[in-house]
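The data block below is start.cif; it holds mmCIF, C-alpha atoms.
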data_work
#
loop_
_atom_site.label_atom_id
_atom_site.label_comp_id
_atom_site.auth_asym_id
_atom_site.auth_seq_id
_atom_site.Cartn_x
_atom_site.Cartn_y
_atom_site.Cartn_z
CA MET A 746 77.11 99.72 92.90
CA GLU A 747 78.94 99.49 89.58
CA LEU A 748 82.58 99.84 90.61
CA LEU A 749 83.92 101.08 87.28
CA SER A 750 81.32 103.84 86.99
CA LEU A 751 82.82 105.50 90.07
CA PHE A 752 85.76 107.00 88.16
CA PRO A 753 85.69 108.23 84.52
CA HIS A 754 89.23 107.19 83.52
CA PRO A 755 90.37 103.54 83.90
CA ILE A 756 93.34 104.58 86.04
CA ILE A 757 93.83 103.63 89.70
CA GLN A 758 96.76 105.18 91.56
CA GLY A 759 98.44 102.31 93.35
CA PRO A 760 98.55 102.50 97.16
CA THR A 761 102.17 102.70 98.32
CA ALA A 762 102.51 102.01 102.03
CA GLY A 763 104.97 103.83 104.25
CA GLY A 764 103.57 107.34 104.12
CA SER A 765 104.46 108.07 100.50
CA ASN A 766 100.99 108.57 99.09
CA THR A 767 99.51 111.66 100.69
CA PRO A 768 95.90 112.86 100.95
CA ALA A 769 96.87 115.62 98.47
CA GLN A 770 98.00 113.03 95.92
CA ILE A 771 94.93 110.83 96.35
CA ALA A 772 92.56 113.79 96.04
CA ALA A 773 94.43 115.09 92.98
CA VAL A 774 94.07 111.73 91.20
CA SER A 775 90.37 111.43 92.07
CA ASN A 776 89.70 115.06 91.08
CA ALA A 777 91.39 114.35 87.72
CA GLY A 778 89.01 111.43 87.05
CA GLY A 779 91.13 108.50 88.20
CA LEU A 780 90.75 106.61 91.48
CA GLY A 781 93.14 107.72 94.22
CA SER A 782 94.10 105.03 96.75
CA LEU A 783 95.34 105.54 100.31
CA ALA A 784 97.67 102.89 101.71
CA ALA A 785 96.02 102.42 105.10
CA SER A 786 97.85 99.25 106.12
CA LEU A 787 100.43 100.95 108.38
CA LEU A 788 98.01 103.47 109.91
CA THR A 789 96.31 103.33 113.31
CA PRO A 790 92.52 103.79 113.18
CA ASP A 791 92.92 107.39 114.43
CA ALA A 792 95.57 108.21 111.81
CA LEU A 793 93.33 106.64 109.19
CA ARG A 794 90.36 108.79 110.27
CA ALA A 795 92.51 111.94 110.09
CA GLN A 796 93.84 111.14 106.61
CA VAL A 797 90.39 110.26 105.25
CA ALA A 798 89.02 113.54 106.65
CA GLU A 799 91.80 115.40 104.82
CA ILE A 800 91.10 113.55 101.54
CA ARG A 801 87.40 114.41 101.87
CA ARG A 802 88.29 118.07 102.48
CA LEU A 803 90.18 118.05 99.17
CA THR A 804 87.81 116.02 96.98
CA GLY A 805 84.15 115.03 96.82
CA ASN A 806 84.99 112.24 94.38
CA PRO A 807 85.32 108.53 95.19
CA PHE A 808 88.65 107.15 96.44
CA ALA A 809 89.92 103.81 97.72
CA LEU A 810 91.53 102.60 100.94
CA ASN A 811 93.95 99.66 100.86
CA PHE A 812 94.72 97.23 103.70
CA PHE A 813 96.96 94.25 104.40
CA VAL A 814 94.94 91.21 105.54
CA GLN A 815 97.06 89.85 108.40
CA GLY A 816 97.06 88.55 111.95
CA MET A 817 99.18 89.78 114.85
CA PRO A 818 102.37 87.70 115.16
CA VAL A 819 103.87 86.57 118.48
CA PRO A 820 107.57 85.91 117.72
CA ASP A 821 109.65 84.23 120.42
CA LYS A 822 112.99 85.41 121.83
CA VAL A 823 115.00 82.79 119.92
CA GLU A 824 113.47 83.80 116.57
CA LEU A 825 114.17 87.48 117.24
CA GLU A 826 117.80 86.85 118.27
CA ARG A 827 118.34 84.79 115.13
CA ALA A 828 116.73 87.48 112.94
CA ALA A 829 118.90 90.21 114.52
CA GLY A 830 121.94 88.02 113.85
CA LEU A 831 121.04 87.69 110.16
CA LEU A 832 120.79 91.51 109.95
CA LYS A 833 124.12 92.05 111.74
CA PRO A 834 126.12 92.96 108.57
CA VAL A 835 123.66 95.80 108.02
CA TRP A 836 123.36 97.26 111.53
CA THR A 837 127.10 97.02 112.18
CA ALA A 838 127.73 98.88 108.89
CA LEU A 839 125.53 101.64 110.33
CA GLY A 840 127.82 101.75 113.37
CA TRP A 841 125.31 100.24 115.82
CA GLN A 842 126.13 97.98 118.76
CA GLU A 843 122.77 96.18 118.51
CA LEU A 844 119.50 96.15 116.57
CA PRO A 845 116.70 97.98 118.44
CA LEU A 846 113.46 96.02 118.85
CA PRO A 847 110.27 97.67 117.53
CA ALA A 848 107.41 98.75 119.81
CA LYS A 849 104.90 96.68 117.79
CA TRP A 850 104.92 94.27 114.85
CA CYS A 851 101.99 95.62 112.83
CA GLU A 852 98.64 97.36 113.11
CA ASP A 853 95.61 95.45 114.39
CA PHE A 854 93.70 94.50 111.23
CA ALA A 855 90.46 93.83 113.15
CA ALA A 856 90.52 97.39 114.53
CA GLN A 857 91.35 98.80 111.09
CA PHE A 858 88.43 96.84 109.59
CA GLU A 859 85.95 98.40 112.03
CA ALA A 860 87.34 101.88 111.25
CA LEU A 861 86.96 101.13 107.54
CA LEU A 862 83.27 100.27 108.00
CA GLU A 863 82.78 103.50 109.92
CA LEU A 864 84.55 105.64 107.29
CA LYS A 865 82.67 104.14 104.31
CA PRO A 866 85.03 104.90 101.40
CA ALA A 867 83.57 104.13 97.98
CA VAL A 868 86.14 101.38 97.38
CA VAL A 869 88.45 99.21 99.47
CA SER A 870 91.22 96.93 98.21
CA PHE A 871 93.05 94.21 100.11
CA THR A 872 96.38 92.45 99.71
CA PHE A 873 98.51 89.76 101.47
CA GLY A 874 95.41 87.68 102.24
CA ILE A 875 91.70 87.15 101.69
CA LEU A 876 88.67 88.16 103.71
CA GLN A 877 85.93 85.91 105.03
CA ARG A 878 82.65 85.96 103.11
CA ALA A 879 80.91 87.59 106.11
CA GLN A 880 83.40 90.48 106.02
CA VAL A 881 82.70 91.08 102.32
CA GLN A 882 78.96 91.10 103.11
CA ARG A 883 79.48 93.69 105.85
CA LEU A 884 81.42 95.91 103.45
CA HIS A 885 78.71 95.58 100.80
CA GLU A 886 76.02 96.42 103.36
CA ALA A 887 78.00 99.60 104.10
CA GLY A 888 77.98 100.45 100.36
CA ILE A 889 81.70 99.77 99.88
CA ALA A 890 83.00 98.06 96.70
CA VAL A 891 85.56 95.30 97.43
CA ILE A 892 88.70 94.55 95.39
CA GLY A 893 91.15 91.72 96.09
CA THR A 894 94.78 91.69 94.96
CA ILE A 895 95.87 88.48 93.22
CA THR A 896 99.03 87.01 91.72
CA THR A 897 97.52 83.71 90.45
CA VAL A 898 94.28 82.59 88.81
CA ALA A 899 93.49 80.43 91.88
CA GLU A 900 93.56 83.56 94.04
CA ALA A 901 91.23 85.38 91.62
CA LEU A 902 88.75 82.51 91.80
CA ALA A 903 88.94 82.57 95.61
CA TRP A 904 88.06 86.29 95.72
CA GLN A 905 85.27 85.84 93.18
CA GLU A 906 83.86 82.99 95.29
CA ILE A 907 83.44 85.20 98.38
CA GLY A 908 81.80 88.05 96.47
CA ALA A 909 84.55 90.52 95.52
CA ASP A 910 83.52 93.17 92.99
CA ALA A 911 86.84 93.00 91.11
CA VAL A 912 90.43 91.76 91.36
CA ILE A 913 93.75 93.48 90.75
CA ALA A 914 95.95 91.06 88.78
CA SER A 915 99.46 91.99 89.90
CA GLY A 916 102.18 90.71 87.58
CA VAL A 917 105.67 89.85 88.74
CA GLU A 918 106.98 93.12 87.23
CA ALA A 919 105.02 95.23 89.73
CA GLY A 920 106.92 97.27 92.32
CA GLY A 921 106.63 96.77 96.06
CA HIS A 922 105.18 93.76 97.81
CA ARG A 923 103.74 90.69 96.11
CA GLY A 924 100.20 89.96 97.22
CA THR A 925 100.43 86.17 97.02
CA PHE A 926 98.27 84.37 99.60
CA LEU A 927 97.70 80.87 98.15
CA GLY A 928 100.77 78.67 97.77
CA PRO A 929 104.45 79.68 97.87
CA GLN A 930 105.30 83.22 96.77
CA THR A 931 108.12 81.78 94.66
CA GLU A 932 105.54 80.03 92.45
CA ALA A 933 103.52 83.18 91.61
CA THR A 934 105.73 84.07 88.65
CA LEU A 935 103.34 85.16 85.88
CA GLY A 936 104.08 88.42 84.10
CA ALA A 937 101.30 91.03 84.11
CA GLU A 938 100.01 90.35 80.58
CA ASP A 939 99.96 86.56 80.95
CA LEU A 940 98.27 86.85 84.35
CA LEU A 941 95.73 89.30 82.92
CA ARG A 942 94.81 87.01 80.01
CA ALA A 943 94.50 83.94 82.25
CA THR A 944 92.46 85.78 84.90
CA VAL A 945 90.06 87.38 82.39
CA ALA A 946 89.45 83.90 80.93
CA ALA A 947 88.78 82.39 84.38
CA VAL A 948 86.55 84.89 86.22
CA GLY A 949 83.35 86.79 85.55
CA ILE A 950 84.21 89.89 87.59
CA PRO A 951 86.24 92.90 86.34
CA VAL A 952 90.01 92.46 86.25
CA ILE A 953 92.34 95.41 86.91
CA SER A 954 95.88 94.99 85.57
CA ALA A 955 99.01 96.00 87.51
CA GLY A 956 102.72 95.74 86.71
CA ASN A 957 104.93 97.64 84.23
CA ILE A 958 102.29 100.19 83.18
CA MET A 959 103.95 103.57 82.74
CA ASN A 960 102.18 105.44 79.91
CA GLY A 961 98.92 105.68 77.98
CA ALA A 962 100.01 103.19 75.33
CA ASP A 963 100.63 100.62 78.10
CA ILE A 964 97.13 101.27 79.47
CA LYS A 965 95.53 100.92 76.04
CA ARG A 966 97.27 97.59 75.51
CA ARG A 967 96.04 96.19 78.85
CA LEU A 968 92.48 97.31 78.11
CA ALA A 969 92.71 95.56 74.72
CA LEU A 970 93.76 92.37 76.57
CA GLY A 971 90.59 92.51 78.67
CA ALA A 972 91.46 94.68 81.67
CA LYS A 973 88.66 97.02 82.79
CA ALA A 974 91.19 99.39 84.40
CA VAL A 975 94.85 99.53 85.42
CA GLN A 976 96.58 100.19 88.73
CA MET A 977 99.82 102.19 88.54
CA GLY A 978 102.16 102.51 91.52
CA THR A 979 105.64 103.41 90.28
CA ALA A 980 104.36 106.11 87.91
CA PHE A 981 102.69 107.95 90.83
CA LEU A 982 105.57 107.41 93.30
CA VAL A 983 107.48 110.23 91.59
CA ALA A 984 104.49 112.61 91.38
CA ASP A 985 105.03 116.01 92.97
CA GLU A 986 102.63 115.17 95.84
CA SER A 987 104.34 111.87 96.68
CA ALA A 988 106.03 112.10 100.09
CA ILE A 989 108.78 109.54 99.52
CA HIS A 990 112.28 110.58 100.63
CA PRO A 991 113.83 113.05 98.15
CA ALA A 992 116.88 110.77 97.71
CA TYR A 993 114.58 107.81 96.93
CA LYS A 994 112.65 109.91 94.40
CA ALA A 995 115.91 111.01 92.78
CA ARG A 996 116.99 107.37 92.42
CA LEU A 997 113.67 106.45 90.75
CA LEU A 998 113.98 109.35 88.32
CA ASN A 999 117.60 108.45 87.52
CA PRO A 1000 117.85 104.65 87.96
CA GLY A 1001 120.61 104.33 85.34
CA ASP A 1002 121.35 100.66 84.74
CA THR A 1003 120.49 99.60 88.32
CA PRO A 1004 118.21 96.56 88.00
CA THR A 1005 115.04 95.99 89.99
CA ARG A 1006 114.67 92.64 91.70
CA LEU A 1007 112.54 90.76 94.17
CA THR A 1008 113.80 90.36 97.73
CA ARG A 1009 112.28 89.21 101.00
CA ALA A 1010 115.22 90.58 103.03
CA PHE A 1011 113.56 93.88 103.97
CA SER A 1012 110.19 92.61 105.08
CA GLY A 1013 109.93 88.81 105.04
CA ARG A 1014 107.66 88.97 101.98
CA TYR A 1015 108.88 89.21 98.41
CA ALA A 1016 108.88 92.77 97.10
CA ARG A 1017 110.43 94.43 94.04
CA GLY A 1018 112.73 97.43 94.20
CA LEU A 1019 116.01 98.88 92.93
CA GLU A 1020 118.95 96.73 93.93
CA ASN A 1021 121.16 98.31 96.58
CA ARG A 1022 123.74 97.39 99.22
CA PHE A 1023 121.11 96.15 101.71
CA MET A 1024 119.83 93.61 99.16
CA ARG A 1025 123.36 92.49 98.30
CA GLU A 1026 124.44 92.14 101.95
CA MET A 1027 121.35 90.04 102.73
CA ALA A 1028 121.20 88.01 99.49
CA GLY A 1029 122.69 84.88 101.06
CA VAL A 1030 120.24 84.76 103.97
CA GLU A 1031 117.05 86.37 102.66
CA THR A 1032 115.19 83.04 102.55
CA GLN A 1033 115.93 82.58 106.28
CA VAL A 1034 114.53 85.85 107.66
CA PRO A 1035 111.21 85.76 109.56
CA ALA A 1036 107.98 86.24 107.62
CA TYR A 1037 106.16 89.54 107.27
CA PRO A 1038 105.42 91.54 109.41
CA VAL A 1039 108.17 90.56 111.88
CA GLN A 1040 111.10 91.19 109.52
CA ASN A 1041 109.45 94.37 108.25
CA ALA A 1042 109.22 95.71 111.81
CA LEU A 1043 112.79 94.65 112.62
CA THR A 1044 114.20 96.56 109.62
CA GLY A 1045 112.09 99.65 110.38
CA SER A 1046 114.84 101.25 112.46
CA ILE A 1047 117.40 100.57 109.69
CA ARG A 1048 115.19 102.23 107.06
CA ALA A 1049 114.49 105.17 109.40
CA GLU A 1050 118.23 105.68 109.95
CA ALA A 1051 118.86 105.48 106.19
CA ALA A 1052 116.22 108.16 105.66
CA LYS A 1053 117.83 110.36 108.33
CA ARG A 1054 121.18 110.03 106.55
CA GLY A 1055 119.68 110.29 103.05
CA ASP A 1056 121.50 107.05 102.23
CA THR A 1057 119.59 105.06 99.60
CA GLU A 1058 121.88 102.03 99.98
CA TRP A 1059 119.95 101.01 103.12
CA MET A 1060 116.44 102.10 102.06
CA SER A 1061 113.77 99.90 100.49
CA LEU A 1062 113.60 101.51 97.03
CA TRP A 1063 110.35 99.86 95.93
CA CYS A 1064 109.48 100.26 92.25
CA GLY A 1065 108.47 98.20 89.24
CA THR A 1066 110.45 97.09 86.21
CA GLY A 1067 109.25 100.12 84.19
CA VAL A 1068 110.88 102.64 86.54
CA ALA A 1069 113.14 104.10 83.82
CA LYS A 1070 109.99 105.54 82.21
CA ALA A 1071 108.83 107.36 85.38
CA ARG A 1072 108.10 111.07 84.92
CA ALA A 1073 108.03 113.81 87.56
CA MET A 1074 104.91 116.00 87.42
CA PRO A 1075 101.85 116.78 89.52
CA ALA A 1076 99.53 113.78 89.95
CA ALA A 1077 96.61 115.46 88.14
CA LYS A 1078 98.89 116.34 85.22
CA LEU A 1079 100.00 112.69 85.07
CA VAL A 1080 96.39 111.48 84.82
CA GLU A 1081 95.72 114.09 82.10
CA THR A 1082 98.89 113.03 80.24
CA LEU A 1083 98.00 109.32 80.46
CA VAL A 1084 94.50 109.95 79.09
CA ALA A 1085 95.91 111.99 76.18
CA GLU A 1086 98.44 109.22 75.43
CA MET A 1087 95.68 106.59 75.51
CA GLN A 1088 93.68 108.58 72.99
CA ALA A 1089 96.72 109.06 70.76
CA ALA A 1090 97.89 105.42 70.94
#
Please, can you express the file's structure as structure tokens?
Amino acid sequence: MELLSLFPHPIIQGPTAGGSNTPAQIAAVSNAGGLGSLAASLLTPDALRAQVAEIRRLTGNPFALNFFVQGMPVPDKVELERAAGLLKPVWTALGWQELPLPAKWCEDFAAQFEALLELKPAVVSFTFGILQRAQVQRLHEAGIAVIGTITTVAEALAWQEIGADAVIASGVEAGGHRGTFLGPQTEATLGAEDLLRATVAAVGIPVISAGNIMNGADIKRRLALGAKAVQMGTAFLVADESAIHPAYKARLLNPGDTPTRLTRAFSGRYARGLENRFMREMAGVETQVPAYPVQNALTGSIRAEAAKRGDTEWMSLWCGTGVAKARAMPAAKLVETLVAEMQAA
């Protein structure tokens, strides 16, 4: 199957985990000629089945599912006590006597993978890790195109080696979590355009560019540099169908001079978002917090409380460096606008 023939416009709506990209949004993007992507990483197999059924009710067009490649951690009591201690400035500021422990650390990737094979979306993308060659073969046998997320050329070569149909080259400007899986995350520092050029030169499979792409002129430039398509997360986070917290959406639409920066304090994996009090409180210890998904699960109660209060100072306000150019409109209208801007550029 030729991956890029599945959607007429070279625009992939970035999957944004945490319940923000809804079936309505994904269907709207796919119906408009882009490729909608559901962030499936935090969903149980049953929740995944329900959301895919809803997407299919709303569109007959191809869409993608996105998963985190990860194992199930088994943190010990000492590690958890230390992690709760590092977060103490935050949970005491919320007025809590202690940090509640989560019911589970993450979803079971093996179970998600079997559900994925059963659901047979047209496309699946992966981040945080790499599959085994046998898993890629199983997906191909099910008629599913496979995309790997990369932050370095070495990662792109690794995905090409096991048979991926394409890679998403995610520059350091991109919002949300970094997908680095080979070498230290701190060394995956290439900007989106430099990473795109280097990856296109190194691999023979299509390269999709991600990071600081906010309008049609940005898309046209990436295509001129060799990208076959782009993936846009921040631009779609503020779409009408996006289910992010209204206070979070308001911050993205009015970021003022608040900078974005990378932090591992929220989740134990570097991710880019608007700077806020949580990031500042944790800045001195963020390198010491446990790795994803343990830290991510531990801060879940904090983020849930912030959402309840509508207090963006304790939320993870994930977005890319181009956030000041984000525009509120329906997702289909955004695709239409981007295509018109590409043609005019």
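When CA of Ala947 (chain A) is paired with CA of Gln905 (chain A), their separation reads 10.1 Å.
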(request) I would like the residues chosen by the PyMOL selection byres ((chain A and resi 870) around 12) on the shown file; could you give them as a ChimeraX atom specification? (result) /A:748,757-760,780-786,808-814,858,861,866-869,871-876,881,884,889-895,904,909-913,924,953,976
Resulting file, chosen residues, C-alpha atoms, as a compact mmCIF listing (two decimals), keeping the file's coordinate frame:
# COMPACT_ATOMS: atom_id res chain seq x y z
CA LEU A 748 82.58 99.84 90.61
CA ILE A 757 93.83 103.63 89.70
CA GLN A 758 96.76 105.18 91.56
CA GLY A 759 98.44 102.31 93.35
CA PRO A 760 98.55 102.50 97.16
CA LEU A 780 90.75 106.61 91.48
CA GLY A 781 93.14 107.72 94.22
CA SER A 782 94.10 105.03 96.75
CA LEU A 783 95.34 105.54 100.31
CA ALA A 784 97.67 102.89 101.71
CA ALA A 785 96.02 102.42 105.10
CA SER A 786 97.85 99.25 106.12
CA PHE A 808 88.65 107.15 96.44
CA ALA A 809 89.92 103.81 97.72
CA LEU A 810 91.53 102.60 100.94
CA ASN A 811 93.95 99.66 100.86
CA PHE A 812 94.72 97.23 103.70
CA PHE A 813 96.96 94.25 104.40
CA VAL A 814 94.94 91.21 105.54
CA PHE A 858 88.43 96.84 109.59
CA LEU A 861 86.96 101.13 107.54
CA PRO A 866 85.03 104.90 101.40
CA ALA A 867 83.57 104.13 97.98
CA VAL A 868 86.14 101.38 97.38
CA VAL A 869 88.45 99.21 99.47
CA PHE A 871 93.05 94.21 100.11
CA THR A 872 96.38 92.45 99.71
CA PHE A 873 98.51 89.76 101.47
CA GLY A 874 95.41 87.68 102.24
CA ILE A 875 91.70 87.15 101.69
CA LEU A 876 88.67 88.16 103.71
CA VAL A 881 82.70 91.08 102.32
CA LEU A 884 81.42 95.91 103.45
CA ILE A 889 81.70 99.77 99.88
CA ALA A 890 83.00 98.06 96.70
CA VAL A 891 85.56 95.30 97.43
CA ILE A 892 88.70 94.55 95.39
CA GLY A 893 91.15 91.72 96.09
CA THR A 894 94.78 91.69 94.96
CA ILE A 895 95.87 88.48 93.22
CA TRP A 904 88.06 86.29 95.72
CA ALA A 909 84.55 90.52 95.52
CA ASP A 910 83.52 93.17 92.99
CA ALA A 911 86.84 93.00 91.11
CA VAL A 912 90.43 91.76 91.36
CA ILE A 913 93.75 93.48 90.75
CA GLY A 924 100.20 89.96 97.22
CA ILE A 953 92.34 95.41 86.91
CA GLN A 976 96.58 100.19 88.73
Once the PyMOL selection byres ((chain A and resi 968) around 12) has been evaluated on this model, what residues remain selected, and can you format them as an mmCIF file with C-alpha atoms, in the coordinates of the input?
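Output file part_11.cif is given in full below:
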data_model
loop_
_atom_site.group_PDB
_atom_site.id
_atom_site.type_symbol
_atom_site.label_atom_id
_atom_site.label_comp_id
_atom_site.auth_asym_id
_atom_site.auth_seq_id
_atom_site.Cartn_x
_atom_site.Cartn_y
_atom_site.Cartn_z
ATOM 1 C CA HIS A 754 89.230 107.190 83.520
ATOM 2 C CA PRO A 755 90.370 103.540 83.900
ATOM 3 C CA ILE A 756 93.340 104.580 86.040
ATOM 4 C CA GLU A 938 100.010 90.350 80.580
ATOM 5 C CA LEU A 941 95.730 89.300 82.920
ATOM 6 C CA ARG A 942 94.810 87.010 80.010
ATOM 7 C CA VAL A 945 90.060 87.380 82.390
ATOM 8 C CA PRO A 951 86.240 92.900 86.340
ATOM 9 C CA VAL A 952 90.010 92.460 86.250
ATOM 10 C CA ILE A 953 92.340 95.410 86.910
ATOM 11 C CA SER A 954 95.880 94.990 85.570
ATOM 12 C CA ALA A 955 99.010 96.000 87.510
ATOM 13 C CA ILE A 958 102.290 100.190 83.180
ATOM 14 C CA GLY A 961 98.920 105.680 77.980
ATOM 15 C CA ALA A 962 100.010 103.190 75.330
ATOM 16 C CA ASP A 963 100.630 100.620 78.100
ATOM 17 C CA ILE A 964 97.130 101.270 79.470
ATOM 18 C CA LYS A 965 95.530 100.920 76.040
ATOM 19 C CA ARG A 966 97.270 97.590 75.510
ATOM 20 C CA ARG A 967 96.040 96.190 78.850
ATOM 21 C CA ALA A 969 92.710 95.560 74.720
ATOM 22 C CA LEU A 970 93.760 92.370 76.570
ATOM 23 C CA GLY A 971 90.590 92.510 78.670
ATOM 24 C CA ALA A 972 91.460 94.680 81.670
ATOM 25 C CA LYS A 973 88.660 97.020 82.790
ATOM 26 C CA ALA A 974 91.190 99.390 84.400
ATOM 27 C CA VAL A 975 94.850 99.530 85.420
ATOM 28 C CA GLN A 976 96.580 100.190 88.730
ATOM 29 C CA MET A 1087 95.680 106.590 75.510
#
(message) Env of Gly830 (chain A): 10 Å cut, atoms = all atoms listed in the file, seq-sep filter 6 positions within chain, self excluded. Answer as a list in words.
(response)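 My list of contacting residues is Glu824, Trp836, Glu843, Leu844 and Val1034 of chain A.
When CA of Ala1077 (chain A) is paired with CA of Ser775 (chain A), their separation reads 8.4 Å.
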(request) Using all atoms listed in the file, pick whichever of A:Pro820, A:Asp1056, A:Phe981, A:Gln857 has the shortest atom-to-atom distance to Thr789 (chain A). (result) A:Gln857
(request) Run the PyMOL selection byres ((chain A and resi 927) around 10) on the file and write out the hits as a ChimeraX atom specification. (result) /A:873-875,895-897,899-900,903,924-926,928-930,932-933
(message) Report, in Å to a single decimal, how far apart CA of Gly763 (chain A) and CA of Arg827 (chain A) are.
(response)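 Computed distance, CA of Arg827 (chain A) to CA of Gly763 (chain A), equals 25.7 Å.
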(request) May I have the residues within 12 Å of Glu1050 (chain A) as a PyMOL selection string, using all atoms listed in the file and disregarding those fewer than 3 positions away in the same chain? (result) chain A and resi 835-836+838-841+844-845+1044-1047+1053-1061
Residue subset to file, keeping C-alpha atoms, as an mmCIF file, in the frame of the given file:
data_model
loop_
_atom_site.group_PDB
_atom_site.id
_atom_site.type_symbol
_atom_site.label_atom_id
_atom_site.label_comp_id
_atom_site.auth_asym_id
_atom_site.auth_seq_id
_atom_site.Cartn_x
_atom_site.Cartn_y
_atom_site.Cartn_z
ATOM 1 C CA VAL A 835 123.660 95.800 108.020
ATOM 2 C CA TRP A 836 123.360 97.260 111.530
ATOM 3 C CA ALA A 838 127.730 98.880 108.890
ATOM 4 C CA LEU A 839 125.530 101.640 110.330
ATOM 5 C CA GLY A 840 127.820 101.750 113.370
ATOM 6 C CA TRP A 841 125.310 100.240 115.820
ATOM 7 C CA LEU A 844 119.500 96.150 116.570
ATOM 8 C CA PRO A 845 116.700 97.980 118.440
ATOM 9 C CA THR A 1044 114.200 96.560 109.620
ATOM 10 C CA GLY A 1045 112.090 99.650 110.380
ATOM 11 C CA SER A 1046 114.840 101.250 112.460
ATOM 12 C CA ILE A 1047 117.400 100.570 109.690
ATOM 13 C CA LYS A 1053 117.830 110.360 108.330
ATOM 14 C CA ARG A 1054 121.180 110.030 106.550
ATOM 15 C CA GLY A 1055 119.680 110.290 103.050
ATOM 16 C CA ASP A 1056 121.500 107.050 102.230
ATOM 17 C CA THR A 1057 119.590 105.060 99.600
ATOM 18 C CA GLU A 1058 121.880 102.030 99.980
ATOM 19 C CA TRP A 1059 119.950 101.010 103.120
ATOM 20 C CA MET A 1060 116.440 102.100 102.060
ATOM 21 C CA SER A 1061 113.770 99.900 100.490
#
(request) Would you mind listing what lies within 12 Å of Glu886 (chain A) as a PyMOL selection string, with all atoms listed in the file counted and same-chain residues fewer than 4 positions away left out? (result) chain A and resi 746+862-863+865+879-882+890-891
Taking (113.1, 100.6, 92.2) in the file's own coordinates, collect the residues within 7 Å, counting all atoms listed in the file, and hand them back as a CSV table (one decimal) with C-alpha atoms, in the frame of the given file.
chain,number,residue,atom,x,y,z
A,997,LEU,CA,113.7,106.4,90.8
A,1005,THR,CA,115.0,96.0,90.0
A,1017,ARG,CA,110.4,94.4,94.0
A,1018,GLY,CA,112.7,97.4,94.2
A,1019,LEU,CA,116.0,98.9,92.9
A,1062,LEU,CA,113.6,101.5,97.0
A,1063,TRP,CA,110.4,99.9,95.9
A,1064,CYS,CA,109.5,100.3,92.2
A,1065,GLY,CA,108.5,98.2,89.2
A,1068,VAL,CA,110.9,102.6,86.5
(request) Considering all atoms listed in the file, state which residue in the set A:Thr1032, A:Thr944, A:Thr979, A:Asn957 is at the smallest distance from Glu918 (chain A). (result) A:Asn957
(message) Which residue is closest to Pro834 (chain A)? Choose from A:Ala995, A:Val1030, A:Val898, A:Ala1052 and count only C-alpha atoms.
(response)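 Selected residue with least distance to Pro834 (chain A): A:Val1030.
Residue nearest Asp1002 (chain A) within the list A:Leu935, A:Met959, A:Leu940, A:Ala1069: A:Ala1069 [criterion: smallest interatomic distance, only C-alpha atoms].
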(request) Pick out the closest residue to Trp850 (chain A) from this set: A:Ala1076, A:Pro1038, A:Lys1070, A:Ala901. Count all atoms listed in the file. (result)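 Distance minimum relative to Trp850 (chain A) lands on A:Pro1038.
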